[in-house]
Amino acid sequence: MDPTKIPRVKICCIASIEEAWLAIRQGASALGLVSDMPSGPGVIGEALIAEIAARVPPGVSSFLLTSKQDTRPIIEQQKRTRANTIQICDRLVHGTYEELREELPGVSLVQVIHITRKEAVEEAILAADHVDALLLDSGNQFLKVKELGGTGRSHDWGISREIREIVHTPVFLAGGLNPSNVRDAINAVGPFGVDVCTGVRTEGHLDRIKLSQFFEALL
């Protein structure tokens, strides 16, 4: 494969400095640090998020995953953790992306779009011009207990490809990716980056062998 077309890799659900460096040494260009969520794996405290984010070297993005839907708590969370990227895992209900940019200059914004139905295409189009990237995942924010990531399920890659072809914003693909299917996913969608959590873990811990197999599958 043309090395210029190998997607960026974000390893999510990082739980320690040791996991962070394991992912970085393997080739990760971004780390996902999960704050309080209604469900799903990988949640760690804000103090640990701040500690890991402070140790991330230049050139690697630290993603703060937030379930908050109001800009003010999101701003306060970023200032406590100092992550350089905010991943908004639900919809903004109060406030705007522009308010986040004004309050947090230099911090990148990534909006998660959960591919549960065809309407996700319109949702992606509306958000794309306001953020630095979209992340297409397999959660469902319409459930009584919201699923905002880490489900281990794949989704309709055809919808994800449609979004990628329509928007001009970089697209990360997430949802059920693992060493055995990531190449098919890349061929189907053509994303800027891929995002993996459970697919490279064993009993909740980042698995060196699975991680290596995942990166090998990208080539």
# chains A, B, ... in the order shown; residues from 1 in each chain; ligands from 1
call {"tool": "residues_around", "arguments": {"residues": "stretch 46-58 of chain A", "least_positions_apart": "2", "cutoff": "8 Å", "atoms": "only C-alpha atoms", "output": "PyMOL selection string"}}
result
chain A and resi 16-17+20+33-35+44+60-62+64+77+80-83
call {"tool": "select_by_dssp", "arguments": {"residues": "stretch 44-156 of chain A", "states": "strand (DSSP E)", "output": "JSON, numbers by chain"}}
result
{"A": [61, 62, 63, 64, 65, 66, 85, 86, 87, 88, 108, 109, 110, 111, 112, 113, 114, 133, 134, 135, 136, 137]}
call {"tool": "write_last_selection", "arguments": {"atoms": "C-alpha atoms", "output": "PDB file, in the first residue's frame"}}
result
ATOM      1  CA  SER A  61      -2.696  14.150  19.961  1.00  0.00           C
ATOM      2  CA  SER A  62      -4.331  13.668  23.350  1.00  0.00           C
ATOM      3  CA  PHE A  63      -8.096  13.288  22.894  1.00  0.00           C
ATOM      4  CA  LEU A  64     -10.337  14.084  25.860  1.00  0.00           C
ATOM      5  CA  LEU A  65     -13.532  12.071  25.333  1.00  0.00           C
ATOM      6  CA  THR A  66     -16.425  13.922  26.937  1.00  0.00           C
ATOM      7  CA  THR A  85      -8.154  17.714  21.422  1.00  0.00           C
ATOM      8  CA  ILE A  86     -11.763  17.472  22.585  1.00  0.00           C
ATOM      9  CA  GLN A  87     -13.838  14.554  21.312  1.00  0.00           C
ATOM     10  CA  ILE A  88     -17.508  15.419  21.761  1.00  0.00           C
ATOM     11  CA  SER A 108      -8.868  20.818  18.219  1.00  0.00           C
ATOM     12  CA  LEU A 109     -12.525  19.780  18.107  1.00  0.00           C
ATOM     13  CA  VAL A 110     -13.731  16.365  16.964  1.00  0.00           C
ATOM     14  CA  GLN A 111     -17.438  15.560  16.766  1.00  0.00           C
ATOM     15  CA  VAL A 112     -18.593  11.946  17.058  1.00  0.00           C
ATOM     16  CA  ILE A 113     -21.349  10.888  14.685  1.00  0.00           C
ATOM     17  CA  HIS A 114     -23.032   7.633  15.693  1.00  0.00           C
ATOM     18  CA  ALA A 133     -12.578  16.177  12.267  1.00  0.00           C
ATOM     19  CA  LEU A 134     -15.540  13.836  12.475  1.00  0.00           C
ATOM     20  CA  LEU A 135     -15.357  10.440  14.171  1.00  0.00           C
ATOM     21  CA  LEU A 136     -17.850   7.884  12.873  1.00  0.00           C
ATOM     22  CA  ASP A 137     -18.719   5.351  15.568  1.00  0.00           C
TER      23      ASP A 137
END
call {"tool": "atom_distance", "arguments": {"atom1": "atom CA of A:Val167", "atom2": "atom CA of A:Ile125"}}
result
6.4 Å
call {"tool": "residues_around", "arguments": {"residues": "A:Leu173", "least_positions_apart": "5", "cutoff": "9 Å", "atoms": "only C-alpha atoms", "output": "list in words"}}
result
Leu134, Leu135, Leu136, Asp137, Trp157, Ser160, Ala185, Ile186, Val189, Gly190, Pro191, Phe192, Gly193, Val194, Asp195 and Val196 of chain A
call {"tool": "closest_residue", "arguments": {"among": "A:Arg91, A:His155, A:Arg8, A:Arg101", "to": "A:Gly59", "atoms": "only C-alpha atoms"}}
result
A:Arg8
call {"tool": "select_by_dssp", "arguments": {"residues": "stretch 62-143 of chain A", "states": "alpha helix (DSSP H)", "output": "list in words"}}
result
Thr71, Arg72, Pro73, Ile74, Ile75, Glu76, Gln77, Gln78, Lys79, Arg80, Thr81, Tyr97, Glu98, Glu99, Leu100, Arg101, Glu102, Glu103, Ala120, Val121, Glu122, Glu123, Ala124, Ile125, Leu126, Ala127 and Ala128 of chain A
call {"tool": "residues_around", "arguments": {"residues": "stretch 36-43 of chain A", "least_positions_apart": "3", "cutoff": "7 Å", "atoms": "only C-alpha atoms", "output": "PyMOL selection string"}}
result
chain A and resi 13-15+66-67+145-147+149-151
call {"tool": "write_last_selection", "arguments": {"atoms": "N, CA and C atoms", "output": "short mmCIF file (atom, residue, chain, number, x, y, z; two decimals), in the first residue's frame"}}
result
data_model
loop_
_atom_site.label_atom_id
_atom_site.label_comp_id
_atom_site.auth_asym_id
_atom_site.auth_seq_id
_atom_site.Cartn_x
_atom_site.Cartn_y
_atom_site.Cartn_z
N CYS A 13 -9.23 4.54 24.94
CA CYS A 13 -9.38 3.89 26.25
C CYS A 13 -8.04 3.70 26.95
N ILE A 14 -7.10 4.61 26.71
CA ILE A 14 -5.80 4.53 27.37
C ILE A 14 -6.00 4.68 28.87
N ALA A 15 -5.43 3.76 29.65
CA ALA A 15 -5.72 3.69 31.08
C ALA A 15 -4.51 4.00 31.97
N THR A 66 -15.47 13.38 25.99
CA THR A 66 -16.42 13.92 26.94
C THR A 66 -17.85 13.58 26.52
N SER A 67 -18.68 13.29 27.51
CA SER A 67 -20.11 13.04 27.26
C SER A 67 -20.93 14.28 27.55
N VAL A 145 -29.96 4.18 28.44
CA VAL A 145 -28.59 4.36 28.89
C VAL A 145 -27.76 4.52 27.62
N LYS A 146 -27.29 5.72 27.38
CA LYS A 146 -26.62 6.02 26.12
C LYS A 146 -25.36 5.20 25.92
N GLU A 147 -25.13 4.80 24.67
CA GLU A 147 -23.87 4.20 24.26
C GLU A 147 -23.13 5.24 23.44
N GLY A 149 -19.71 5.04 22.70
CA GLY A 149 -18.45 4.51 22.19
C GLY A 149 -18.04 3.25 22.93
N GLY A 150 -17.01 2.60 22.40
CA GLY A 150 -16.49 1.40 23.03
C GLY A 150 -17.44 0.22 23.00
N THR A 151 -18.32 0.17 21.99
CA THR A 151 -19.31 -0.91 21.93
C THR A 151 -18.71 -2.21 21.39
#
call {"tool": "residues_around", "arguments": {"residues": "A:Leu177", "least_positions_apart": "6", "cutoff": "10 Å", "atoms": "only C-alpha atoms", "output": "PyMOL selection string"}}
result
chain A and resi 152-154+183-185+194-200+214
call {"tool": "closest_residue", "arguments": {"among": "A:Gly204, A:Ile11, A:Gly176, A:Ile6", "to": "A:Glu216", "atoms": "only C-alpha atoms"}}
result
A:Ile6
